[in-house]
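Peer 1: Below are the structure tokens for one structure; questions will follow.
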Amino acid sequence: MDNQLKSLALRLYSGEGLSLQEFEYIIEHYSPEAAKFFGNLAEEKRKEIYDNKIYVRGLIEIGNYCKNDCYYCGIRKSNKTCERYRLSKEDILLCCDEGYTLGFRTFVLQGGEDTFWNDDFLCDVISSIKSRYSDCAVTLSLGERSFDSYKKLRDAGADRYLLRHETADSEHYALLHPQNLTLENRIRCLKDLRELGFQMGCGFMVGSPYQTAKTLAKDLEFIQNFKPDMCGIGPFIPHKDTPFKDFKPGSLELTCYLLSIIRIIYPPVLLPATTALGTIHPNGRELGIKAGANVIMPNLSPLEVRKKYMLYDNKIATGEESAQSIKLLKEKMASIGYRIVTDRGDRKEI
Ligand code: SAH
């Protein structure tokens, strides 16, 4: 491994910020050897803060109606083959009941951007979950909303909000989304969420169409500056009924390399080994954990809707990915030296 790459890794490890060009250099000089080097540094940082604990979140996919038309996404509004559904408040609470019994202390409510989910409905669901399970955190992942709407959700008791920035390069952003969606508004949302006291998460797909080392460097620089509480990254996977159906999926290796780099950039970040990573490789999530991730989000949605929340082809939803298989997941994690804990799993202060 070349000396310059090593010295960049060590500077990052010592807490120094890097420039855009330096991040670009790191990405362009990926090699299995470099991945190992960054991986070891990431592992040390993660151990220091989180020991060998892995936090789990119960993911409830509350609906797949969406008013947006993101070119990569299987639940985009123009996909006429997508069978749409919405969970009721009762359905959602049943998922939480089951999740609580299984040991989950965070529930993530994710869905398409659906005007049906108005503030009153969501606030009612959030406050019902919080009053039933006051020791649990509620995370939302419901896309772009106004400051006032986010404020109502926060006042109702929501703790965290996931909104991937998707790419920190506005031209790249315009190649992934129709014109009405802008990076500027995405960032506005992330800033609003932070101001309102949410623990907030950004993130991006690895290997999305038109991504370059430069756009990835911008993502890393964005993370370095923004210091998100959470960061969701996973490989892009094509969906057969989207404009991006013929693009290649992102790679496992680059995703793991980036997980390590992000862990070193901002050591306390909550970093999931995502479903997409588990989809492109049978051991994807374990490899993600080894690279520096410390969160897994098993699927807690009702079985009959899981196949309908198809963001990309072949998305795993049953088997080990299922919240019901948490025992298996615990054993698997224990076999590689990690411990799944029953905990809200908030971001630690450093
Ligand atoms: N409507 C919500 C939730 C979107 S789904 C929101 O806007 O935040 C959650 C994430 O899945 C997206 O942010 C995107 O990064 C990811 N995703 C969508 N389509 C994908 C694909 N084809 N491959 C991999 N990840 C995808």
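Naming works like this for the structure tokens: A, B, ... for the chains as they're shown, residue 1 at the start of each chain, ligands 1 onward in shown order.
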Could I get the residues of range 191-283 of chain A with an atom no further than 9 Å from an atom of range 172-176 of chain A, each paired with its nearest atom pair and that distance in Å to one decimal, using only C-alpha atoms, sorted by chain and residue number, as CSV?

Peer 2:
residue,atom,partner,partner_atom,distance
A:Ser208,CA,A:Leu176,CA,8.3
A:Pro209,CA,A:Leu176,CA,7.6
A:Tyr210,CA,A:His172,CA,6.8
A:Gln211,CA,A:His172,CA,7.0
A:Thr215,CA,A:His172,CA,7.4

Peer 1: Write the selection just made, keeping all heavy atoms, as a PDB file, in the first residue's frame?

Peer 2:
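The resulting file, selection.pdb, is reproduced below:
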ATOM      1  N   SER A 208     -24.164   4.303  -7.425  1.00  0.00           N
ATOM      2  CA  SER A 208     -25.358   4.770  -8.131  1.00  0.00           C
ATOM      3  C   SER A 208     -24.926   5.260  -9.516  1.00  0.00           C
ATOM      4  O   SER A 208     -23.766   5.645  -9.703  1.00  0.00           O
ATOM      5  CB  SER A 208     -26.046   5.898  -7.347  1.00  0.00           C
ATOM      6  OG  SER A 208     -25.188   7.004  -7.201  1.00  0.00           O
ATOM      7  N   PRO A 209     -25.837   5.225 -10.491  1.00  0.00           N
ATOM      8  CA  PRO A 209     -25.470   5.668 -11.837  1.00  0.00           C
ATOM      9  C   PRO A 209     -24.846   7.069 -11.815  1.00  0.00           C
ATOM     10  O   PRO A 209     -25.298   7.936 -11.061  1.00  0.00           O
ATOM     11  CB  PRO A 209     -26.820   5.669 -12.566  1.00  0.00           C
ATOM     12  CG  PRO A 209     -27.595   4.580 -11.879  1.00  0.00           C
ATOM     13  CD  PRO A 209     -27.198   4.675 -10.438  1.00  0.00           C
ATOM     14  N   TYR A 210     -23.816   7.250 -12.615  1.00  0.00           N
ATOM     15  CA  TYR A 210     -23.097   8.527 -12.778  1.00  0.00           C
ATOM     16  C   TYR A 210     -22.270   8.943 -11.564  1.00  0.00           C
ATOM     17  O   TYR A 210     -21.745  10.044 -11.506  1.00  0.00           O
ATOM     18  CB  TYR A 210     -24.049   9.675 -13.178  1.00  0.00           C
ATOM     19  CG  TYR A 210     -25.006   9.307 -14.280  1.00  0.00           C
ATOM     20  CD1 TYR A 210     -26.369   9.131 -14.031  1.00  0.00           C
ATOM     21  CD2 TYR A 210     -24.533   9.095 -15.581  1.00  0.00           C
ATOM     22  CE1 TYR A 210     -27.247   8.753 -15.037  1.00  0.00           C
ATOM     23  CE2 TYR A 210     -25.409   8.724 -16.600  1.00  0.00           C
ATOM     24  CZ  TYR A 210     -26.768   8.555 -16.327  1.00  0.00           C
ATOM     25  OH  TYR A 210     -27.628   8.192 -17.319  1.00  0.00           O
ATOM     26  N   GLN A 211     -22.165   8.082 -10.566  1.00  0.00           N
ATOM     27  CA  GLN A 211     -21.314   8.405  -9.412  1.00  0.00           C
ATOM     28  C   GLN A 211     -19.853   8.313  -9.841  1.00  0.00           C
ATOM     29  O   GLN A 211     -19.485   7.453 -10.634  1.00  0.00           O
ATOM     30  CB  GLN A 211     -21.593   7.396  -8.301  1.00  0.00           C
ATOM     31  CG  GLN A 211     -20.902   7.683  -6.986  1.00  0.00           C
ATOM     32  CD  GLN A 211     -21.385   6.706  -5.920  1.00  0.00           C
ATOM     33  OE1 GLN A 211     -21.096   5.507  -6.001  1.00  0.00           O
ATOM     34  NE2 GLN A 211     -22.136   7.181  -4.961  1.00  0.00           N
ATOM     35  N   THR A 215     -17.647  12.670  -6.875  1.00  0.00           N
ATOM     36  CA  THR A 215     -18.932  12.856  -6.162  1.00  0.00           C
ATOM     37  C   THR A 215     -18.864  12.133  -4.808  1.00  0.00           C
ATOM     38  O   THR A 215     -19.373  12.637  -3.806  1.00  0.00           O
ATOM     39  CB  THR A 215     -20.155  12.370  -6.975  1.00  0.00           C
ATOM     40  OG1 THR A 215     -20.078  10.960  -7.152  1.00  0.00           O
ATOM     41  CG2 THR A 215     -20.245  13.047  -8.337  1.00  0.00           C
TER      42      THR A 215
END

Peer 1: Collect all residues with atoms no farther than 9 Å from ligand 1, counting only C-alpha atoms and all ligand atoms, and output them as a ChimeraX atom specification.

Peer 2: /A:64,66,68,70-76,110-114,140-144,161-166,202-206,208,232-239,242,244-245,249-250,275-277,310-313

Peer 1: What are the closest atom pairs, with distances in Å to one decimal, for all residues of range 69-130 of chain A lying within 9 Å of range 288-308 of chain A? Consider only C-alpha atoms, order rows by chain and residue number, and present the result as JSON lines.

Peer 2:
{"residue": "A:Ile75", "atom": "CA", "partner": "A:Lys308", "partner_atom": "CA", "distance": 8.7}
{"residue": "A:Cys82", "atom": "CA", "partner": "A:Lys308", "partner_atom": "CA", "distance": 7.0}
{"residue": "A:Glu83", "atom": "CA", "partner": "A:Lys308", "partner_atom": "CA", "distance": 6.2}
{"residue": "A:Arg84", "atom": "CA", "partner": "A:Lys308", "partner_atom": "CA", "distance": 7.0}
{"residue": "A:Tyr85", "atom": "CA", "partner": "A:Val305", "partner_atom": "CA", "distance": 7.4}
{"residue": "A:Arg86", "atom": "CA", "partner": "A:Val305", "partner_atom": "CA", "distance": 8.9}
{"residue": "A:Leu87", "atom": "CA", "partner": "A:Val305", "partner_atom": "CA", "distance": 8.8}
{"residue": "A:Asp91", "atom": "CA", "partner": "A:Pro302", "partner_atom": "CA", "distance": 7.9}
{"residue": "A:Ile92", "atom": "CA", "partner": "A:Ser301", "partner_atom": "CA", "distance": 8.2}
{"residue": "A:Leu94", "atom": "CA", "partner": "A:Pro302", "partner_atom": "CA", "distance": 8.9}
{"residue": "A:Cys95", "atom": "CA", "partner": "A:Leu300", "partner_atom": "CA", "distance": 6.3}
{"residue": "A:Cys96", "atom": "CA", "partner": "A:Leu300", "partner_atom": "CA", "distance": 8.1}
{"residue": "A:Glu98", "atom": "CA", "partner": "A:Leu300", "partner_atom": "CA", "distance": 8.2}
{"residue": "A:Gly99", "atom": "CA", "partner": "A:Leu300", "partner_atom": "CA", "distance": 6.8}
{"residue": "A:Phe107", "atom": "CA", "partner": "A:Leu300", "partner_atom": "CA", "distance": 8.8}
{"residue": "A:Val108", "atom": "CA", "partner": "A:Met297", "partner_atom": "CA", "distance": 8.5}

Peer 1: Keeping only C-alpha atoms, write the selected residues to a file as a JSON list (two decimals), in the first residue's frame.

Peer 2:
[["chain", "number", "residue", "atom", "x", "y", "z"],
["A", 75, "ILE", "CA", -41.65, 2.44, -5.43],
["A", 82, "CYS", "CA", -45.88, -1.78, -7.93],
["A", 83, "GLU", "CA", -48.75, -3.02, -5.79],
["A", 84, "ARG", "CA", -49.42, -0.25, -3.30],
["A", 85, "TYR", "CA", -50.32, -0.58, 0.39],
["A", 86, "ARG", "CA", -50.59, 1.45, 3.57],
["A", 87, "LEU", "CA", -50.51, 0.12, 7.11],
["A", 91, "ASP", "CA", -51.09, -2.55, 12.09],
["A", 92, "ILE", "CA", -48.14, -0.37, 13.06],
["A", 94, "LEU", "CA", -49.03, -4.56, 16.34],
["A", 95, "CYS", "CA", -45.59, -4.53, 14.71],
["A", 96, "CYS", "CA", -44.25, -2.58, 17.69],
["A", 98, "GLU", "CA", -44.14, -7.91, 18.41],
["A", 99, "GLY", "CA", -40.87, -6.02, 18.13],
["A", 107, "PHE", "CA", -38.79, 1.37, 15.83],
["A", 108, "VAL", "CA", -38.08, 2.87, 12.42]]

Peer 1: Choose the residue, out of A:Lys151, A:Lys67, A:Arg344, A:Arg194, that has the smallest atom-to-atom separation from Asn79 in chain A; count only C-alpha atoms.

Peer 2: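 Closest candidate: A:Lys67.
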
Peer 1: Any idea what's packed within 9 Å of Ile262 in chain A, counting only C-alpha atoms, ignoring anything in its chain fewer than 2 positions away? Could you give it as a PyMOL selection string?

Peer 2: chain A and resi 42+220+223-224+231+257-260+264-267+269+271+292

Peer 1: I want to know what sits within 9 Å of Phe37 in chain A, based on only C-alpha atoms, with residues of the same chain fewer than 3 positions away left out; could you give that as an mmCIF file with C-alpha atoms, in the first residue's frame?

Peer 2:
data_model
loop_
_atom_site.group_PDB
_atom_site.id
_atom_site.type_symbol
_atom_site.label_atom_id
_atom_site.label_comp_id
_atom_site.auth_asym_id
_atom_site.auth_seq_id
_atom_site.Cartn_x
_atom_site.Cartn_y
_atom_site.Cartn_z
ATOM 1 C CA MET A 1 0.000 0.000 0.000
ATOM 2 C CA LYS A 6 -1.264 5.299 4.653
ATOM 3 C CA ALA A 9 -5.517 7.177 6.792
ATOM 4 C CA PRO A 32 -8.009 -5.022 -0.721
ATOM 5 C CA GLU A 33 -4.894 -4.077 1.231
ATOM 6 C CA ALA A 34 -6.094 -0.499 1.720
ATOM 7 C CA ASN A 40 -8.460 -2.046 11.279
ATOM 8 C CA LEU A 41 -8.418 1.651 12.147
ATOM 9 C CA ALA A 42 -12.219 1.768 11.944
#

Peer 1: Can you pull out the residues contacting Gly157 in chain A? Cut-off 9 Å, using only C-alpha atoms, and skip same-chain residues under 2 positions away; I want them as a list in words.

Peer 2: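 Within the cut-off, the hits are Cys123, Ile126, Ser127, Lys130, Ala137, Val138, Lys152, Leu153, Arg154, Asp155 and Asp159 of chain A.
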
Peer 1: As a PyMOL selection string, list the residues of range 89-297 of chain A assigned to alpha helix (DSSP H) by DSSP on the backbone atoms of this structure.

Peer 2: chain A and resi 89-102+119-132+147-155+170-176+183-195+213-226+252-265+275-280+284-291

Peer 1: What is the distance, in Å and to one decimal place, between CA of Asp229 in chain A and CA of Val56 in chain A?

Peer 2: 15.5 Å

Peer 1: Residues within 12 Å of Asn225 in chain A, please, as number ranges by chain. Count only C-alpha atoms; anything in the same chain fewer than 2 positions from it doesn't count.

Peer 2: A: 16-20, 168, 218-223, 227-228, 262, 265-266

Peer 1: Quick check, in Å to one decimal: how far apart do CA of Leu254 in chain A and CA of Met200 in chain A lie?

Peer 2: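 Separating CA of Leu254 in chain A from CA of Met200 in chain A is a distance of 24.0 Å.
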